[in-house]
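K.L.:
If you scroll down you'll find the structure; I have some questions about it.
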Amino acid sequence: MDHKAHGARKILEIKNHNEISVNNITYKVDSLDCDINLLDWIRDNTPFKGTKEGCNEGDCGACSVLVYDKNDKFPKPINSCLVRLGQLYKKNVITVEGLGSSKKLNPVQKSFVKNHASQCGYCTPGFVVAGTSIFYENEKIDYETIHDALSGNLCRCTGYVPIIRALMDVKNFVPPKLIYNDVITSPKIKIGNSTYFHPKNLKELKNILFNLDHFQFIAGGTDLNLEREIYDLKESNLVCLENVNELKKVSIDKNKIILGSCVSLEEFLKIAKHKIPQITEIIKRFGSPLIRNQATIGGNICTSSPIGDIAPILLTLSSEIITFSTKGQRKIPIEKFFKSYRKNILYKDEIIEKIIIHLPKKNQKLLSWKFSKRYDQDISTLSVCILYVLENNIIKEFQIAAGGIAEKPVLLKNISRQIIGKSIDTSFETLIADIKQYINPISDLRGSSEYRINTFKGVFIKLKNHLINKVNLQSIMD
Ligand SMILES: Cc1cc2nc3c(=O)[nH]c(=O)nc-3n(C[C@H](O)[C@H](O)[C@H](O)COP(=O)(O)OP(=O)(O)OC[C@H]3O[C@@H](n4cnc5c(N)ncnc54)[C@H](O)[C@@H]3O)c2cc1C
Ligand code: FES
Ligand code: FES
């Protein structure tokens, strides 16, 4: 179908031929005069207006769509407001209209009607998309699956109880088979002033880097696209990492996990459930499935945000970063990676290729917590990860890292030095009394410096109660 028919943006000369499939209809995309996100493009250039704009920054889920390509078994729900059209290399998209129509509702939509799960209806398409996605991947749907699946969708008027009831009420729904449309996409997509390069492997990436002076790397874009102008006014080259084979690889053995930098947070969650169950709670609270499907682990580390959720875990587990650039590879202990506020040691043409995560040994205990204003879909005010060995009340090993207590995520070696080799009773007492010596957090909108110091202190008070008085660890979260 030609997008002219739907009042498209100004059409320029078509230099390449790039396509995208929406609800099994193929559209040409490289004739647009400006860089644009998937949400705006769908609303302006297709007849599908069910995909809504709410916050335009990944927080409300009104813009949820499903995407997949020939490598995917299931379609993945994402926020269409956070992904630019040029990132969607060989992708198929399903909007709410692709899941059912008013004449033929799908079982999720029928159940929403039956259970009065919609009032003004603005959020409903997003809930139907996110809600339908769980039936592709799960045979058994329980409350927890539904809660997780909907954690990125906001409803302001119906209330969540009828929405959850509607999804619990859907029985034996086998979603229709996916049609894999072979859309034509060139590895260089020019949309407006932005050119998106899509290397398939590191060799192609190297060639691209040799030939470009100015460029920016983009993985999922969940961070970068928030910073970029909505419609890029300046010429820009975006080197997309998501389709580089080597960056999607995962290797797991007894002692370590090696993750390609473009492994998504959702995939990392699945791996963590089996290999590092102690951190699943934190990763489950990373954004929402819509964010986690798009966000990558490498992207999270490279933002070098002081409140990124993954850094404290990687620091505590003494992880290593393998980089790749036109000059070759480097191996860097993660502790040396972060330089200052949102700055790291990567050179301009250097990427994170993979991350080596050393798994906790049998005698080591790993704990991690995220403190945020809301339980779901919120950025951390403070996050802490601890690895320790306790023998006969003596702390044999202790490694602790935290986010939200300095301008970058930090490994608190001074705390380890202070308590290793000492009895837990006395060392924790001194530590708690002197906690201000070890951290100097800033005050910001998420929490004051005092709040952060007290919360950090609270971790040790509760940990001490757990280790000495055997108080249930869960109470640390309360
Ligand atoms: C609604 C919402 C909720 C969020 N919730 C959380 C949360 O709970 N916890 C949290 O920690 N973060 C959160 N984030 C932030 C963000 O989603 C994550 O930091 C994410 O992991 C970034 O990954 P990405 O692939 O999207 O990065 P991108 O946006 O693609 O890139 C981020 C930066 O890293 C660079 N980059 C990316 N990959 C590489 C690489 N391999 N090598 C070199 N440079 C690279 C890019 O050039 C860019 O500068 C949230 C964001 C949103 C919008
Ligand atoms: S418009 Fe709110 S998440 Fe996209
Ligand atoms: S039905 Fe109105 S916002 Fe959800």
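Just so we're on the same page: first chain in the structure tokens is A, next is B, and so on; residues restart at 1 for each chain, and ligands are numbered from 1 in the order they show up.
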As a quick test: using only C-alpha atoms and all ligand atoms, which residues lie no more than 8 Å away from ligand 1? Give them as JSON, numbers by chain.
P.N.:
{"A": [57, 58, 59, 82, 152, 216, 217, 218, 219, 220, 221, 222, 223, 224, 225, 226, 241, 247, 261, 262, 264, 265, 283, 285, 286, 287, 288, 291, 292, 294, 295, 296, 297, 298, 299, 300, 301, 302, 303, 305, 307, 308, 309, 310, 323, 346, 350, 351, 352, 353, 354, 377, 378, 379, 380]}
K.L.:
Convert the current residue selection to file output with C-alpha atoms, as an mmCIF file, in the first residue's frame.
P.N.:
data_model
loop_
_atom_site.group_PDB
_atom_site.id
_atom_site.type_symbol
_atom_site.label_atom_id
_atom_site.label_comp_id
_atom_site.auth_asym_id
_atom_site.auth_seq_id
_atom_site.Cartn_x
_atom_site.Cartn_y
_atom_site.Cartn_z
ATOM 1 C CA GLU A 57 9.012 8.823 26.548
ATOM 2 C CA GLY A 58 8.367 5.177 27.281
ATOM 3 C CA ASP A 59 6.411 5.643 30.492
ATOM 4 C CA LEU A 82 11.086 5.295 21.673
ATOM 5 C CA GLY A 152 4.698 -0.502 31.438
ATOM 6 C CA GLN A 216 26.953 7.978 16.978
ATOM 7 C CA PHE A 217 26.360 4.382 18.035
ATOM 8 C CA ILE A 218 22.827 3.316 18.756
ATOM 9 C CA ALA A 219 21.709 -0.029 20.244
ATOM 10 C CA GLY A 220 18.102 -0.097 21.506
ATOM 11 C CA GLY A 221 17.821 3.688 21.503
ATOM 12 C CA THR A 222 15.795 3.766 24.743
ATOM 13 C CA ASP A 223 18.264 6.222 26.219
ATOM 14 C CA LEU A 224 19.717 7.942 23.162
ATOM 15 C CA ASN A 225 16.369 8.665 21.487
ATOM 16 C CA LEU A 226 15.193 10.523 24.576
ATOM 17 C CA LEU A 241 24.585 -2.178 16.628
ATOM 18 C CA LEU A 247 26.930 -8.620 19.687
ATOM 19 C CA SER A 261 26.553 -6.128 24.313
ATOM 20 C CA CYS A 262 23.292 -6.132 22.326
ATOM 21 C CA SER A 264 18.374 -7.256 25.526
ATOM 22 C CA LEU A 265 17.526 -6.772 29.179
ATOM 23 C CA ILE A 283 15.957 -6.895 36.417
ATOM 24 C CA ARG A 285 11.918 -3.942 37.932
ATOM 25 C CA PHE A 286 14.069 -2.542 35.106
ATOM 26 C CA GLY A 287 11.600 -0.384 33.154
ATOM 27 C CA SER A 288 8.912 -2.687 31.785
ATOM 28 C CA ILE A 291 11.552 -1.203 27.589
ATOM 29 C CA ARG A 292 13.491 -4.398 28.332
ATOM 30 C CA GLN A 294 14.390 -2.868 23.268
ATOM 31 C CA ALA A 295 17.057 -1.870 25.826
ATOM 32 C CA THR A 296 20.419 -3.648 25.700
ATOM 33 C CA ILE A 297 22.892 -4.484 28.438
ATOM 34 C CA GLY A 298 25.718 -2.713 26.550
ATOM 35 C CA GLY A 299 23.560 0.389 26.141
ATOM 36 C CA ASN A 300 22.861 0.403 29.864
ATOM 37 C CA ILE A 301 26.558 0.251 30.753
ATOM 38 C CA CYS A 302 27.495 2.853 28.120
ATOM 39 C CA THR A 303 25.029 5.434 29.407
ATOM 40 C CA SER A 305 24.489 6.707 34.461
ATOM 41 C CA ILE A 307 21.706 5.215 38.691
ATOM 42 C CA GLY A 308 21.875 2.550 35.954
ATOM 43 C CA ASP A 309 20.617 -0.693 37.468
ATOM 44 C CA ILE A 310 23.114 -3.113 35.973
ATOM 45 C CA THR A 323 35.738 -3.670 23.633
ATOM 46 C CA LEU A 346 35.575 4.276 25.527
ATOM 47 C CA GLU A 350 35.071 1.935 20.294
ATOM 48 C CA ILE A 351 32.125 -0.186 21.352
ATOM 49 C CA ILE A 352 31.490 -2.689 24.107
ATOM 50 C CA GLU A 353 31.594 -6.019 22.292
ATOM 51 C CA LYS A 354 30.872 -8.306 25.232
ATOM 52 C CA GLN A 377 8.796 1.143 35.868
ATOM 53 C CA ASP A 378 10.919 3.587 37.825
ATOM 54 C CA ILE A 379 14.547 4.646 37.807
ATOM 55 C CA SER A 380 16.487 3.870 40.998
#
K.L.:
List all protein, DNA and RNA residues that have any atom at most 8 Å from ligand 2, counting only C-alpha atoms and all ligand atoms, and write the list as an MDAnalysis selection string.
P.N.:
chainID A and resid 39 52:64 79:82 152:153
K.L.:
Using only C-alpha atoms and all ligand atoms, which residues have at least one atom no more than 7 Å from ligand 3? Output them as JSON, numbers by chain.
P.N.:
{"A": [118, 119, 120, 121, 122, 123, 124, 154, 155, 156, 157, 158]}
K.L.:
Rank nothing, just name the residue among A:Trp369, A:Phe428, A:Phe460, A:Tyr388 nearest to Gly403 in chain A, using only C-alpha atoms.
P.N.:
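Among the listed residues, A:Trp369 lies closest to Gly403 in chain A.
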K.L.:
Got a sec to tell me which of range 37-118 of chain A DSSP assigns to helix (DSSP H, G or I), as a list of chain:residue names?
P.N.:
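Answer for range 37-118 of chain A restricted to helix (DSSP H, G or I) is A:Leu38, A:Leu39, A:Asp40, A:Trp41, A:Ile42, A:Arg43, A:Asp44, A:Asn45, A:Leu85, A:Gly86, A:Gln87, A:Val96, A:Glu97, A:Gly98, A:Pro107, A:Val108, A:Gln109, A:Lys110, A:Ser111, A:Phe112, A:Val113, A:Lys114.
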K.L.:
For Ile282 in chain A, which residue out of A:Leu315, A:Cys240, A:Cys385, A:Ile78 is the nearest one, using only C-alpha atoms?
P.N.:
A:Cys385
K.L.:
Please measure the separation of CA of Glu227 in chain A and CA of Ser194 in chain A, giving the value in Å to one decimal.
P.N.:
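Computing the Euclidean distance for CA of Glu227 in chain A and CA of Ser194 in chain A yields 14.8 Å.
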K.L.:
Looking only at the backbone, which of the residues in range 117-278 of chain A does DSSP tag as strand (DSSP E or B), as a PyMOL selection string?
P.N.:
chain A and resi 188-191+194-197+216-218+236-240+250-252+256-260+264
K.L.:
Distance CA of Ile424 in chain A-CA of Tyr438 in chain A, one decimal place?
P.N.:
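Computing it gives 18.0 Å between the two atoms.
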K.L.:
What is the distance, in Å and to one decimal place, between CA of Pro360 in chain A and CA of Pro277 in chain A?
P.N.:
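For CA of Pro360 in chain A relative to CA of Pro277 in chain A, the distance reads 10.8 Å.
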K.L.:
List as a PyMOL selection string the protein and nucleic acid residues near range 199-213 of chain A, meaning an atom at most 12 Å away when only C-alpha atoms are counted, but skip any in the same chain fewer than 3 places from it.
P.N.:
chain A and resi 87+89+186-189+195-196+216-219+236-249+260+323-329+348-353
K.L.:
Hey, can you spit out that residue selection with N, CA, C and O atoms as a compact mmCIF listing (two decimals), in the first residue's frame?
P.N.:
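Below is the file that was written, part_12.txt:
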# COMPACT_ATOMS: atom_id res chain seq x y z
N GLN A 87 15.74 2.58 12.65
CA GLN A 87 16.30 1.46 13.42
C GLN A 87 15.65 0.13 13.01
O GLN A 87 16.19 -0.93 13.29
N TYR A 89 15.23 -2.38 10.97
CA TYR A 89 15.80 -3.08 9.82
C TYR A 89 15.10 -4.43 9.64
O TYR A 89 15.14 -5.26 10.54
N SER A 186 17.72 -1.85 2.87
CA SER A 186 19.14 -1.77 2.57
C SER A 186 19.88 -1.51 3.88
O SER A 186 19.29 -1.00 4.84
N PRO A 187 21.19 -1.85 3.93
CA PRO A 187 21.93 -1.64 5.19
C PRO A 187 22.19 -0.17 5.48
O PRO A 187 22.82 0.17 6.47
N LYS A 188 21.71 0.72 4.60
CA LYS A 188 21.88 2.16 4.84
C LYS A 188 20.53 2.82 4.59
O LYS A 188 20.04 2.84 3.46
N ILE A 189 19.91 3.25 5.66
CA ILE A 189 18.57 3.83 5.51
C ILE A 189 18.66 5.32 5.79
O ILE A 189 19.06 5.73 6.89
N THR A 195 21.07 9.26 8.75
CA THR A 195 21.38 8.04 8.00
C THR A 195 21.67 6.93 9.00
O THR A 195 22.51 7.09 9.90
N TYR A 196 20.94 5.84 8.87
CA TYR A 196 21.09 4.70 9.78
C TYR A 196 21.88 3.61 9.05
O TYR A 196 21.46 3.13 8.01
N GLN A 216 27.32 8.34 15.62
CA GLN A 216 26.95 7.98 16.98
C GLN A 216 26.50 6.52 16.96
O GLN A 216 25.80 6.13 16.01
N PHE A 217 26.86 5.76 17.96
CA PHE A 217 26.36 4.38 18.03
C PHE A 217 24.96 4.40 18.62
O PHE A 217 24.66 5.21 19.50
N ILE A 218 24.14 3.49 18.14
CA ILE A 218 22.83 3.32 18.76
C ILE A 218 22.56 1.81 18.88
O ILE A 218 22.83 1.05 17.95
N ALA A 219 22.08 1.39 20.05
CA ALA A 219 21.71 -0.03 20.24
C ALA A 219 20.18 -0.06 20.27
O ALA A 219 19.54 0.02 19.22
N SER A 236 22.95 13.59 10.66
CA SER A 236 23.60 12.70 11.62
C SER A 236 23.70 11.28 11.07
O SER A 236 22.85 10.86 10.28
N ASN A 237 24.77 10.62 11.47
CA ASN A 237 24.98 9.22 11.09
C ASN A 237 24.80 8.35 12.32
O ASN A 237 25.51 8.55 13.32
N LEU A 238 23.90 7.43 12.25
CA LEU A 238 23.65 6.53 13.37
C LEU A 238 24.15 5.13 12.99
O LEU A 238 23.65 4.56 12.01
N VAL A 239 25.11 4.63 13.75
CA VAL A 239 25.61 3.28 13.47
C VAL A 239 24.86 2.33 14.40
O VAL A 239 25.06 2.35 15.61
N CYS A 240 23.96 1.53 13.80
CA CYS A 240 23.08 0.66 14.60
C CYS A 240 23.81 -0.64 14.92
O CYS A 240 24.34 -1.30 14.03
N LEU A 241 23.83 -0.99 16.19
CA LEU A 241 24.58 -2.18 16.63
C LEU A 241 23.71 -3.41 16.74
O LEU A 241 24.21 -4.54 16.83
N GLU A 242 22.41 -3.22 16.74
CA GLU A 242 21.48 -4.30 17.08
C GLU A 242 21.54 -5.53 16.18
O GLU A 242 21.17 -6.61 16.59
N ASN A 243 21.96 -5.33 14.92
CA ASN A 243 21.98 -6.49 14.01
C ASN A 243 23.37 -7.06 13.79
O ASN A 243 23.57 -7.91 12.93
N VAL A 244 24.34 -6.60 14.57
CA VAL A 244 25.70 -7.15 14.47
C VAL A 244 25.71 -8.51 15.17
O VAL A 244 25.50 -8.60 16.39
N ASN A 245 25.92 -9.56 14.36
CA ASN A 245 25.82 -10.95 14.87
C ASN A 245 26.55 -11.17 16.18
O ASN A 245 26.00 -11.70 17.14
N GLU A 246 27.81 -10.77 16.19
CA GLU A 246 28.67 -11.06 17.34
C GLU A 246 28.13 -10.43 18.63
O GLU A 246 28.41 -10.92 19.72
N LEU A 247 27.39 -9.35 18.49
CA LEU A 247 26.93 -8.62 19.69
C LEU A 247 25.66 -9.22 20.29
O LEU A 247 25.17 -8.76 21.32
N LYS A 248 25.12 -10.26 19.63
CA LYS A 248 23.90 -10.91 20.15
C LYS A 248 24.24 -12.24 20.83
O LYS A 248 23.37 -12.92 21.34
N LYS A 249 25.54 -12.61 20.77
CA LYS A 249 25.92 -13.95 21.25
C LYS A 249 25.88 -14.05 22.77
O LYS A 249 26.22 -13.11 23.48
N GLY A 260 26.96 -10.82 24.69
CA GLY A 260 27.18 -9.80 23.67
C GLY A 260 26.50 -8.53 24.13
O GLY A 260 25.47 -8.57 24.82
N THR A 323 36.13 -4.70 24.59
CA THR A 323 35.74 -3.67 23.63
C THR A 323 36.21 -4.03 22.22
O THR A 323 37.06 -4.91 22.05
N PHE A 324 35.64 -3.33 21.24
CA PHE A 324 36.04 -3.55 19.84
C PHE A 324 36.12 -2.18 19.17
O PHE A 324 35.25 -1.34 19.36
N SER A 325 37.18 -1.97 18.39
CA SER A 325 37.29 -0.73 17.63
C SER A 325 38.11 -1.00 16.38
O SER A 325 38.58 -2.12 16.17
N THR A 326 38.31 0.01 15.56
CA THR A 326 39.11 -0.18 14.33
C THR A 326 40.54 -0.59 14.70
O THR A 326 41.27 -1.14 13.89
N LYS A 327 40.92 -0.33 15.95
CA LYS A 327 42.30 -0.68 16.35
C LYS A 327 42.41 -2.05 17.01
O LYS A 327 43.47 -2.51 17.32
N GLY A 328 41.30 -2.69 17.27
CA GLY A 328 41.34 -4.02 17.88
C GLY A 328 40.50 -4.10 19.15
O GLY A 328 39.60 -3.29 19.34
N GLN A 329 40.86 -5.08 20.00
CA GLN A 329 40.07 -5.30 21.22
C GLN A 329 40.82 -4.82 22.47
O GLN A 329 42.06 -4.76 22.46
N LYS A 348 36.04 7.23 20.80
CA LYS A 348 34.90 7.59 19.93
C LYS A 348 34.47 6.42 19.03
O LYS A 348 33.29 6.20 18.79
N ASP A 349 35.46 5.66 18.51
CA ASP A 349 35.11 4.59 17.56
C ASP A 349 35.12 3.21 18.24
O ASP A 349 35.27 2.19 17.59
N GLU A 350 34.96 3.19 19.55
CA GLU A 350 35.07 1.93 20.29
C GLU A 350 33.71 1.55 20.88
O GLU A 350 33.00 2.41 21.39
N ILE A 351 33.39 0.28 20.77
CA ILE A 351 32.12 -0.19 21.35
C ILE A 351 32.41 -1.24 22.43
O ILE A 351 33.50 -1.81 22.46
N ILE A 352 31.42 -1.49 23.26
CA ILE A 352 31.49 -2.69 24.11
C ILE A 352 31.08 -3.84 23.21
O ILE A 352 30.00 -3.80 22.59
N GLU A 353 31.97 -4.85 23.09
CA GLU A 353 31.59 -6.02 22.29
C GLU A 353 30.88 -7.03 23.19
O GLU A 353 29.82 -7.53 22.87
K.L.:
Which one is closest to Ser340 in chain A: A:Asp376, A:Glu407, A:Ile322, A:Asn392? Count only C-alpha atoms.
P.N.:
A:Glu407
K.L.:
Write out as a ChimeraX atom specification the residues lying within 7 Å of range 173-185 of chain A, counting only C-alpha atoms and excluding same-chain residues fewer than 6 positions away.
P.N.:
/A:17-21,24,69-70,89-90,92,107,135-136
K.L.:
Find the residues around Asn393 in chain A up to 10 Å (only C-alpha atoms counted), leave out those fewer than 6 positions away in its own chain, and share them as a ChimeraX atom specification.
P.N.:
/A:421-425,467-468
K.L.:
Please provide as number ranges by chain all residues within 12 Å of Pro312 in chain A, with the sequence filter that same-chain residues fewer than 2 positions apart are discarded (counting only C-alpha atoms).
P.N.:
A: 279, 282, 300-301, 304-310, 314-319, 334-335, 338, 366-370, 380, 382-387, 399-405, 408-412
